[in-house]
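> What follows is upload-v9.tsv, made up of TSV, C-alpha atoms:
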chain	number	residue	atom	x	y	z
A	7	MET	CA	121.38	76.17	162.50
A	8	SER	CA	120.98	72.92	160.61
A	9	TYR	CA	119.31	69.91	162.25
A	10	ASN	CA	119.60	66.17	161.63
A	11	ILE	CA	116.47	64.14	162.37
A	12	LEU	CA	115.99	60.39	162.13
A	13	SER	CA	112.48	59.05	161.53
A	14	ILE	CA	111.54	55.54	162.65
A	15	ASN	CA	108.27	53.97	161.53
A	16	PRO	CA	107.70	50.36	162.66
A	17	GLY	CA	104.85	48.72	160.79
A	18	SER	CA	103.31	45.29	161.00
A	19	THR	CA	105.56	43.90	158.23
A	20	SER	CA	108.39	46.45	157.96
A	21	THR	CA	110.52	49.04	159.74
A	22	LYS	CA	111.09	52.24	157.78
A	23	ILE	CA	113.90	54.65	158.65
A	24	ALA	CA	114.85	57.99	157.09
A	25	LEU	CA	117.48	60.63	157.83
A	26	TYR	CA	116.62	64.26	157.19
A	27	GLN	CA	118.87	67.31	157.26
A	28	ASP	CA	116.32	70.02	157.85
A	29	GLU	CA	113.70	69.52	155.07
A	30	HIS	CA	116.02	67.45	152.88
A	31	CYS	CA	115.90	63.64	152.97
A	32	VAL	CA	119.45	62.32	152.69
A	33	PHE	CA	118.84	58.64	153.40
A	34	THR	CA	115.84	56.33	153.51
A	35	LEU	CA	115.41	52.59	153.85
A	36	ASN	CA	112.49	50.18	154.11
A	37	ILE	CA	113.47	47.06	156.05
A	38	ASP	CA	110.96	44.31	155.22
A	39	HIS	CA	110.13	41.60	157.77
A	40	THR	CA	108.86	38.30	156.43
A	41	SER	CA	106.19	36.25	158.17
A	42	GLU	CA	108.88	33.64	158.83
A	43	GLU	CA	111.09	36.18	160.65
A	44	LEU	CA	108.28	37.51	162.82
A	45	ARG	CA	106.55	34.26	163.71
A	46	HIS	CA	109.24	33.53	166.32
A	47	PHE	CA	108.10	36.51	168.42
A	48	LYS	CA	105.08	35.91	170.60
A	49	LYS	CA	104.44	39.63	171.20
A	50	VAL	CA	105.28	42.79	169.29
A	51	ASN	CA	107.41	44.10	172.20
A	52	ASP	CA	109.56	40.99	171.86
A	53	GLN	CA	110.69	42.40	168.49
A	54	PHE	CA	112.38	45.43	170.11
A	55	GLU	CA	116.01	44.21	170.04
A	56	PHE	CA	115.51	42.54	166.65
A	57	ARG	CA	114.32	45.79	165.05
A	58	LYS	CA	116.81	47.98	166.93
A	59	ASN	CA	119.76	45.90	165.72
A	60	LEU	CA	118.49	46.00	162.14
A	61	ILE	CA	118.23	49.81	162.34
A	62	LEU	CA	121.69	50.25	163.84
A	63	ASN	CA	123.26	47.90	161.30
A	64	ALA	CA	121.54	49.71	158.42
A	65	LEU	CA	122.71	53.13	159.66
A	66	GLU	CA	126.26	51.89	160.14
A	67	LYS	CA	126.29	50.40	156.65
A	68	ALA	CA	125.03	53.71	155.25
A	69	GLY	CA	127.78	55.61	157.07
A	70	VAL	CA	125.39	57.60	159.27
A	71	ASP	CA	127.04	59.15	162.33
A	72	LEU	CA	124.60	58.67	165.20
A	73	GLN	CA	126.29	61.38	167.23
A	74	SER	CA	125.24	63.95	164.61
A	75	LEU	CA	121.54	63.43	165.32
A	76	ASN	CA	119.57	66.19	167.04
A	77	ALA	CA	116.35	64.24	167.31
A	78	ILE	CA	114.77	60.87	166.60
A	79	VAL	CA	111.04	60.83	165.93
A	80	GLY	CA	109.23	57.51	166.24
A	81	ARG	CA	105.75	56.76	165.04
A	82	GLY	CA	103.35	56.91	167.99
A	83	GLY	CA	101.73	53.80	169.41
A	84	MET	CA	98.92	52.42	171.49
A	85	VAL	CA	98.76	54.96	174.30
A	86	LYS	CA	95.65	56.66	175.63
A	87	PRO	CA	93.60	58.85	173.24
A	88	VAL	CA	95.39	62.15	172.62
A	89	GLU	CA	94.95	65.21	170.48
A	90	SER	CA	97.03	65.56	167.34
A	91	GLY	CA	100.57	66.86	167.79
A	92	VAL	CA	104.18	66.11	168.81
A	93	TYR	CA	104.94	64.52	172.20
A	94	GLU	CA	108.38	64.24	173.80
A	95	MET	CA	109.22	60.89	175.33
A	96	ASN	CA	108.87	60.80	179.13
A	97	ALA	CA	108.45	58.13	181.82
A	98	ARG	CA	104.63	58.04	181.53
A	99	LEU	CA	104.72	57.78	177.75
A	100	HIS	CA	107.37	55.04	177.93
A	101	GLU	CA	105.26	53.08	180.39
A	102	ASP	CA	102.09	53.29	178.30
A	103	LEU	CA	103.92	52.36	175.09
A	104	VAL	CA	105.33	49.25	176.78
A	105	LEU	CA	101.95	48.33	178.26
A	106	GLY	CA	100.08	49.00	175.03
A	107	ILE	CA	97.09	50.18	177.04
A	108	GLN	CA	94.84	50.17	173.97
A	109	GLY	CA	96.20	47.02	172.40
A	110	GLU	CA	99.26	45.60	170.69
A	111	HIS	CA	100.68	47.29	167.59
A	112	ALA	CA	104.12	47.61	166.01
A	113	SER	CA	103.87	51.41	166.03
A	114	SER	CA	104.33	51.35	169.82
A	115	LEU	CA	107.95	50.40	169.20
A	116	GLY	CA	108.63	53.72	167.45
A	117	GLY	CA	108.90	55.91	170.54
A	118	LEU	CA	110.68	53.19	172.50
A	119	LEU	CA	113.32	52.77	169.77
A	120	ALA	CA	113.79	56.55	169.52
A	121	GLU	CA	114.18	56.88	173.29
A	122	ALA	CA	116.69	54.02	173.52
A	123	MET	CA	118.83	55.34	170.69
A	124	VAL	CA	119.04	58.97	171.90
A	125	ALA	CA	120.20	57.73	175.30
A	126	ASP	CA	123.68	57.40	173.78
A	127	ILE	CA	123.58	60.73	171.90
A	128	PRO	CA	124.26	63.80	174.09
A	129	GLY	CA	121.67	66.53	173.60
A	130	ALA	CA	119.44	64.54	171.25
A	131	ARG	CA	115.69	64.37	171.89
A	132	ALA	CA	113.11	61.65	171.28
A	133	PHE	CA	109.55	62.33	170.12
A	134	ILE	CA	106.44	60.69	168.75
A	135	ALA	CA	104.00	62.49	166.44
A	136	ASP	CA	100.33	61.97	165.54
A	137	PRO	CA	100.07	58.46	167.03
A	138	VAL	CA	97.50	55.93	165.86
A	139	VAL	CA	95.26	56.87	168.81
A	140	VAL	CA	94.63	60.49	167.76
A	141	ASP	CA	90.98	61.04	168.64
A	142	GLU	CA	88.81	63.68	166.94
A	143	MET	CA	85.63	61.62	166.60
A	144	THR	CA	82.20	63.08	167.25
A	145	ASP	CA	80.12	61.69	170.11
A	146	VAL	CA	77.48	60.21	167.81
A	147	ALA	CA	80.18	58.21	165.98
A	148	ARG	CA	81.16	56.45	169.20
A	149	VAL	CA	77.79	54.89	170.03
A	150	LEU	CA	77.33	51.16	169.40
A	151	GLY	CA	74.36	48.91	170.04
A	152	HIS	CA	75.38	47.69	173.49
A	153	ALA	CA	76.24	49.61	176.64
A	154	LEU	CA	79.42	47.62	177.23
A	155	PHE	CA	80.97	48.70	173.92
A	156	HIS	CA	81.82	51.92	172.08
A	157	ARG	CA	83.75	52.79	168.95
A	158	LYS	CA	87.35	53.95	169.27
A	159	SER	CA	89.46	56.24	167.12
A	160	MET	CA	92.44	54.14	166.05
A	161	PHE	CA	93.87	54.72	162.61
A	162	HIS	CA	96.85	55.75	160.48
A	163	ALA	CA	96.61	59.32	161.80
A	164	LEU	CA	100.09	60.39	160.73
A	165	ASN	CA	99.65	59.45	157.08
A	166	HIS	CA	96.01	60.55	156.94
A	167	LYS	CA	97.03	64.03	158.12
A	168	ALA	CA	100.19	64.25	155.99
A	169	ILE	CA	98.47	63.19	152.76
A	170	SER	CA	95.51	65.48	153.46
A	171	ARG	CA	97.82	68.47	153.89
A	172	LEU	CA	99.74	67.47	150.75
A	173	TYR	CA	96.50	67.41	148.76
A	174	ALA	CA	95.36	70.69	150.32
A	175	LYS	CA	98.61	72.32	149.24
A	176	SER	CA	98.14	71.01	145.69
A	177	VAL	CA	94.77	72.78	145.40
A	178	ASP	CA	95.99	75.86	147.26
A	179	LYS	CA	93.47	75.54	150.09
A	180	PRO	CA	93.92	75.08	153.85
A	181	TYR	CA	93.35	71.51	155.07
A	182	GLU	CA	91.03	73.06	157.66
A	183	GLU	CA	88.65	74.21	154.90
A	184	LEU	CA	88.27	70.87	153.11
A	185	ASN	CA	86.06	67.80	153.49
A	186	LEU	CA	87.98	64.66	152.49
A	187	VAL	CA	87.58	60.89	152.61
A	188	VAL	CA	91.01	59.34	153.08
A	189	ALA	CA	91.65	55.60	152.67
A	190	HIS	CA	94.99	54.26	153.89
A	191	LEU	CA	95.57	50.86	152.25
A	192	GLY	CA	98.42	48.95	153.85
A	193	GLY	CA	99.05	46.28	156.48
A	194	GLY	CA	95.85	47.72	157.91
A	195	VAL	CA	93.07	49.60	156.13
A	196	THR	CA	91.54	52.72	157.69
A	197	VAL	CA	89.05	55.01	155.98
A	198	GLY	CA	88.38	58.37	157.62
A	199	ALA	CA	85.97	61.27	157.18
A	200	HIS	CA	88.01	64.49	157.44
A	201	GLN	CA	85.76	67.45	158.12
A	202	ARG	CA	87.60	70.78	158.04
A	203	GLY	CA	90.80	69.46	159.60
A	204	ARG	CA	89.32	66.92	162.02
A	205	VAL	CA	88.80	63.19	161.51
A	206	ILE	CA	85.23	62.97	162.80
A	207	ASP	CA	84.78	59.27	161.99
A	208	VAL	CA	87.11	56.43	161.05
A	209	ASN	CA	87.07	52.64	161.23
A	210	ASP	CA	89.25	50.96	163.85
A	211	GLY	CA	91.81	49.19	161.70
A	212	ILE	CA	93.27	47.21	164.59
A	213	SER	CA	90.44	45.79	166.69
A	214	GLY	CA	88.32	44.43	163.86
A	215	SER	CA	86.22	46.96	161.96
A	216	GLY	CA	85.95	48.10	158.38
A	217	PRO	CA	87.57	46.40	155.35
A	218	PHE	CA	90.00	43.51	155.63
A	219	SER	CA	93.65	44.13	154.78
A	220	SER	CA	96.77	42.11	154.03
A	221	ASN	CA	96.92	40.65	157.56
A	222	ARG	CA	93.85	41.97	159.42
A	223	SER	CA	90.40	40.50	159.25
A	224	GLY	CA	88.36	43.69	159.39
A	225	GLN	CA	84.74	43.26	160.40
A	226	LEU	CA	83.62	39.69	161.18
A	227	PRO	CA	80.16	38.34	162.15
A	228	ALA	CA	79.96	38.85	165.93
A	229	VAL	CA	77.91	35.75	166.78
A	230	ASP	CA	80.20	33.48	164.78
A	231	VAL	CA	83.26	34.95	166.52
A	232	ALA	CA	81.57	34.43	169.90
A	233	LYS	CA	80.87	30.78	169.05
A	234	LEU	CA	84.48	30.29	168.02
A	235	CYS	CA	85.71	31.84	171.29
A	236	PHE	CA	83.65	29.39	173.34
A	237	SER	CA	84.36	26.35	171.17
A	238	GLY	CA	87.24	25.27	173.40
A	239	GLU	CA	89.54	25.04	170.37
A	240	TYR	CA	91.14	28.48	170.64
A	241	MET	CA	92.70	30.66	173.31
A	242	LEU	CA	92.25	34.44	173.48
A	243	ASP	CA	95.64	35.11	171.85
A	244	ASP	CA	94.69	32.78	168.99
A	245	VAL	CA	91.52	34.73	168.27
A	246	LYS	CA	93.30	38.10	168.56
A	247	GLN	CA	95.85	36.93	165.98
A	248	MET	CA	93.03	35.87	163.67
A	249	ILE	CA	91.76	39.44	163.83
A	250	ASN	CA	95.11	41.23	163.71
A	251	GLY	CA	98.19	39.56	162.28
A	252	LYS	CA	96.94	36.34	160.72
A	253	GLY	CA	93.66	37.53	159.26
A	254	GLY	CA	92.72	39.16	155.97
A	255	VAL	CA	94.69	38.15	152.89
A	256	MET	CA	97.10	36.17	155.08
A	257	SER	CA	94.24	33.89	156.11
A	258	LEU	CA	92.62	33.76	152.68
A	259	MET	CA	95.76	33.27	150.57
A	260	GLY	CA	98.49	32.12	152.95
A	261	THR	CA	100.57	35.26	152.39
A	262	SER	CA	100.34	38.92	153.38
A	263	ASP	CA	102.42	40.03	150.37
A	264	MET	CA	99.95	41.71	148.04
A	265	ARG	CA	102.54	41.70	145.26
A	266	LYS	CA	102.43	37.90	145.25
A	267	VAL	CA	98.64	37.87	145.30
A	268	GLU	CA	98.53	40.38	142.45
A	269	HIS	CA	100.95	38.24	140.41
A	270	ARG	CA	98.85	35.13	140.99
A	271	ALA	CA	95.69	36.97	140.01
A	272	LEU	CA	96.91	38.83	136.93
A	273	GLN	CA	99.84	36.79	135.64
A	274	GLU	CA	98.83	33.24	136.63
A	275	ASN	CA	95.07	33.78	136.23
A	276	ASP	CA	94.38	32.35	139.68
A	277	PRO	CA	90.60	32.84	140.20
A	278	LYS	CA	90.84	32.75	144.00
A	279	ALA	CA	93.53	35.44	144.06
A	280	LYS	CA	91.45	37.61	141.72
A	281	LEU	CA	88.36	37.15	143.90
A	282	VAL	CA	90.30	38.21	147.02
A	283	MET	CA	91.59	41.34	145.28
A	284	ASP	CA	88.10	42.15	144.01
A	285	ALA	CA	86.70	41.67	147.52
A	286	MET	CA	89.30	43.96	149.05
A	287	ALA	CA	88.50	46.75	146.58
A	288	TYR	CA	84.76	46.17	147.05
A	289	ASN	CA	84.98	46.47	150.84
A	290	VAL	CA	87.17	49.59	150.73
A	291	ALA	CA	84.75	51.23	148.30
A	292	LYS	CA	81.83	50.44	150.62
A	293	GLU	CA	83.64	52.07	153.54
A	294	ILE	CA	84.41	55.15	151.45
A	295	GLY	CA	80.71	55.38	150.63
A	296	ALA	CA	79.85	55.15	154.32
A	297	MET	CA	82.24	57.98	155.18
A	298	ALA	CA	80.73	60.10	152.41
A	299	THR	CA	77.41	59.88	154.24
A	300	VAL	CA	79.13	61.07	157.42
A	301	LEU	CA	80.08	64.20	155.47
A	302	GLU	CA	76.51	64.43	154.12
A	303	GLY	CA	77.79	64.00	150.59
A	304	LYS	CA	79.85	67.19	150.76
A	305	VAL	CA	83.19	65.65	149.77
A	306	ASP	CA	85.90	67.69	148.06
A	307	ALA	CA	88.09	64.68	147.22
A	308	ILE	CA	88.75	61.02	147.95
A	309	LEU	CA	92.41	60.24	148.67
A	310	LEU	CA	93.86	56.72	148.29
A	311	THR	CA	97.22	56.12	149.94
A	312	GLY	CA	99.37	53.39	151.50
A	313	GLY	CA	101.40	50.56	150.01
A	314	ILE	CA	98.44	48.83	148.34
A	315	ALA	CA	97.74	52.05	146.41
A	316	TYR	CA	100.63	50.96	144.17
A	317	CYS	CA	98.34	48.17	142.93
A	318	SER	CA	96.59	49.73	139.94
A	319	TYR	CA	94.09	46.85	139.72
A	320	ILE	CA	92.69	47.56	143.19
A	321	VAL	CA	92.91	51.35	142.80
A	322	ASP	CA	91.07	51.25	139.45
A	323	ASP	CA	88.31	49.07	140.92
A	324	ILE	CA	87.84	51.38	143.92
A	325	THR	CA	87.89	54.46	141.68
A	326	ARG	CA	85.26	52.96	139.37
A	327	ARG	CA	82.94	52.44	142.32
A	328	VAL	CA	83.38	55.77	144.17
A	329	SER	CA	84.31	58.42	141.59
A	330	PHE	CA	80.65	59.52	141.41
A	331	ILE	CA	81.06	60.87	144.97
A	332	ALA	CA	84.09	63.10	144.38
A	333	PRO	CA	87.37	63.21	142.43
A	334	VAL	CA	89.78	60.42	143.40
A	335	LYS	CA	93.45	61.25	143.94
A	336	VAL	CA	96.07	58.55	144.48
A	337	TYR	CA	99.18	58.92	146.67
A	338	PRO	CA	100.93	55.51	146.59
A	339	GLY	CA	102.98	54.63	149.64
A	340	GLU	CA	102.96	57.25	152.36
A	341	ASP	CA	104.60	60.46	153.46
A	342	GLU	CA	104.86	59.33	157.07
A	343	MET	CA	108.66	59.53	157.19
A	344	GLY	CA	108.67	63.14	156.05
A	345	ALA	CA	105.77	63.93	158.35
A	346	LEU	CA	107.64	62.51	161.36
A	347	ALA	CA	110.81	64.42	160.50
A	348	MET	CA	109.02	67.72	159.83
A	349	ASN	CA	107.15	67.44	163.13
A	350	GLY	CA	110.46	66.94	164.92
A	351	LEU	CA	112.10	69.75	162.97
A	352	ALA	CA	109.31	72.15	163.89
A	353	VAL	CA	109.88	71.46	167.59
A	354	LEU	CA	113.66	71.88	167.26
A	355	ARG	CA	112.98	75.24	165.65
A	356	GLY	CA	110.78	76.33	168.53
A	357	ALA	CA	107.28	75.03	167.86
A	358	PRO	CA	105.33	73.87	170.94
A	359	VAL	CA	105.80	70.28	172.08
A	360	LYS	CA	103.09	68.50	174.02
A	361	VAL	CA	103.59	66.69	177.31
A	362	TYR	CA	102.02	63.25	177.70
A	363	THR	CA	100.44	62.87	181.16
Would you mind giving the structure from this file in structure tokens?

Amino acid sequence: MSYNILSINPGSTSTKIALYQDEHCVFTLNIDHTSEELRHFKKVNDQFEFRKNLILNALEKAGVDLQSLNAIVGRGGMVKPVESGVYEMNARLHEDLVLGIQGEHASSLGGLLAEAMVADIPGARAFIADPVVVDEMTDVARVLGHALFHRKSMFHALNHKAISRLYAKSVDKPYEELNLVVAHLGGGVTVGAHQRGRVIDVNDGISGSGPFSSNRSGQLPAVDVAKLCFSGEYMLDDVKQMINGKGGVMSLMGTSDMRKVEHRALQENDPKAKLVMDAMAYNVAKEIGAMATVLEGKVDAILLTGGIAYCSYIVDDITRRVSFIAPVKVYPGEDEMGALAMNGLAVLRGAPVKVYT
């Protein structure tokens, strides 16, 4: 039997959709969202109808028959920490995606969009797979210097896992036998230490840790942030947006579009734009070095992926700084759409599906 699966991947600045017939991708589209379009929405959940209508219009324009779908797989969101795998949408999962119990993130819309769309398709099923809250961290990696705080596992789990398995296949070795440092460079930047199939340490790319990205601040000086919070000039939501949404390159350059920053740096010889790009590469390289120590220097390869991996200037700078650790392999963009679809296809073919409780 042949199966039709739709993948939905809402990101901070785009919504990606792809239609698969079994393992074959028959349609894919990246719907970009400008800062101007998104600034009207106070919260990510407020974007639900906006993104749903864009998806439905795009599918109609492409001539996709919704009634032919067997499953829709959305990127997982900010639910409680879970083990890696595929989860079918249920009432508890819906509730936690809406609440965003670990914070606000566009990925939470993935499961909600899938669930809403299959409601009108008899027999179709809605899933999420490898959400951003996949947690495989070791206990020692969680400890911070104050009893009120601890580190969380929150990263681009779906792409980290998909790219790692793609690399493992290319060297004809099981992912579970390799030690890898994977850096996802996109709207957020997460760098993870993969030890024999488990991500034992990774920076929290949402709450303010690790390198800055196109619209996230990364790590900031804690005392200075505390002073700003008590200055009386900003509300909590203002500060949260400085950290996630209006931070990083958006704050430094007034745009989150790295293509524009790259053009200013390399074509217009803008020294500020060049400095920002250099700083991004520098900070990513430092984080890769840190994760190499987690693996005690036993690193089989360093994998660079995500949209910013298309920028050869940044990739070359990172590679120059870290290639002494291990070979660097570059996978521009991501294989998240295929990973979502293949996870859904596996379940349709009889693989176990997990129940969110």
> If we count all atoms listed in the file, what is near His166 in chain A at a cut-off of 9 Å, once residues fewer than 6 positions away on the same chain are taken out, given as a PyMOL selection string?
chain A and resi 188-190+197-198+200+205+311+340+342
> For each of A:Val195, A:Met248, A:Ala287, A:Val124, take the minimum atom-to-atom distance to Leu72 in chain A, counting all atoms listed in the file, then give the residue where this is smallest.
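Nearest candidate to Leu72 in chain A out of A:Val195, A:Met248, A:Ala287, A:Val124: A:Val124.
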> Compare A:Ile212, A:Val140, A:Ala232, A:Met283 by their minimum atom-to-atom distance to Ile249 in chain A, counting all atoms listed in the file, and give me the closest one.
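Under the stated criterion, the closest residue is A:Ile212.
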> Which residue, A:Met286, A:Lys280, A:Arg131, A:Gly203, has the smallest gap to Arg222 in chain A when you use all atoms listed in the file?
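Residue with the minimum atom-to-atom distance to Arg222 in chain A: A:Met286.
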> Which is closest to Met84 in chain A among A:Gln108, A:Ser220, A:Asn96, A:Asn185, if we use all atoms listed in the file?
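Counting all atoms listed in the file, the residue closest to Met84 in chain A is A:Gln108.
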> Just the number, please: distance in Å from CA of Ala352 in chain A to CA of Lys158 in chain A, one decimal.
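CA of Lys158 in chain A lies 29.0 Å from CA of Ala352 in chain A.
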> Within 12 Å of (117.6, 42.6, 166.3) (coordinates as in the file), grab all the protein and nucleic acid residues, counting only C-alpha atoms, and write them out as a PyMOL selection string.
chain A and resi 21+37+39+43-44+47+51-64+119
> Quick check, in Å to one decimal: how far apart do CA of Gly117 in chain A and CA of His46 in chain A lie?
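Computed distance, CA of Gly117 in chain A to CA of His46 in chain A, equals 22.8 Å.
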> Using all atoms listed in the file - which residues lie no farther than 10 Å from the point (80.0, 68.0, 151.6) in the file's frame? Write them as JSON, numbers by chain.
{"A": [184, 185, 186, 201, 298, 299, 300, 301, 302, 303, 304, 305, 306, 307, 331, 332]}
> Using CA of Ala279 in chain A and CA of Ser20 in chain A as the two end points, give the distance in Å to one decimal.
23.1 Å
> Which one of A:Val79, A:Lys246, A:Asn289, A:Lys86 sits closest to Leu191 in chain A if you count only C-alpha atoms?
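Ranked by minimum distance to Leu191 in chain A, first place goes to A:Asn289.
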> Which of these residues is nearest to Arg355 in chain A, using all atoms listed in the file: A:Ala125, A:Glu66, A:Asn76, A:Asp263?
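Of A:Ala125, A:Glu66, A:Asn76, A:Asp263, the one nearest Arg355 in chain A, counting all atoms listed in the file, is A:Asn76.
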> Name all residues at most 9 Å from Ala163 in chain A (count all atoms listed in the file; drop same-chain ones fewer than 6 positions away) and give them as a PDB file with C-alpha atoms, in the coordinates of the input.

ATOM      1  CA  SER A  90      97.030  65.560 167.340  1.00  0.00           C
ATOM      2  CA  ASP A 136     100.330  61.970 165.540  1.00  0.00           C
ATOM      3  CA  PRO A 137     100.070  58.460 167.030  1.00  0.00           C
ATOM      4  CA  VAL A 138      97.500  55.930 165.860  1.00  0.00           C
ATOM      5  CA  VAL A 139      95.260  56.870 168.810  1.00  0.00           C
ATOM      6  CA  VAL A 140      94.630  60.490 167.760  1.00  0.00           C
ATOM      7  CA  VAL A 205      88.800  63.190 161.510  1.00  0.00           C
TER       8      VAL A 205
END
> Please provide the set of residues having any atom within 9 Å of Ile14 in chain A, restricted to all atoms listed in the file, with same-chain residues fewer than 2 positions apart removed, written as an MDAnalysis selection string.
chainID A and resid 12 16 21:24 61 78:81 116:117 119:120 343 346
> Write out as JSON, numbers by chain the residues lying within 12 Å of Tyr288 in chain A, counting only C-alpha atoms and excluding same-chain residues fewer than 5 positions away.
{"A": [216, 217, 218, 219, 281, 282, 283, 293, 294, 295, 319, 320, 321, 322, 323, 324, 325, 326, 327, 328]}
> Could you give me, as a list in words, the residues within 8 Å of Val104 in chain A, counting only C-alpha atoms and dropping anything in the same chain fewer than 3 positions from it?
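So the residues in contact are Asn51, His100, Glu101, Ser114 and Leu118 of chain A.
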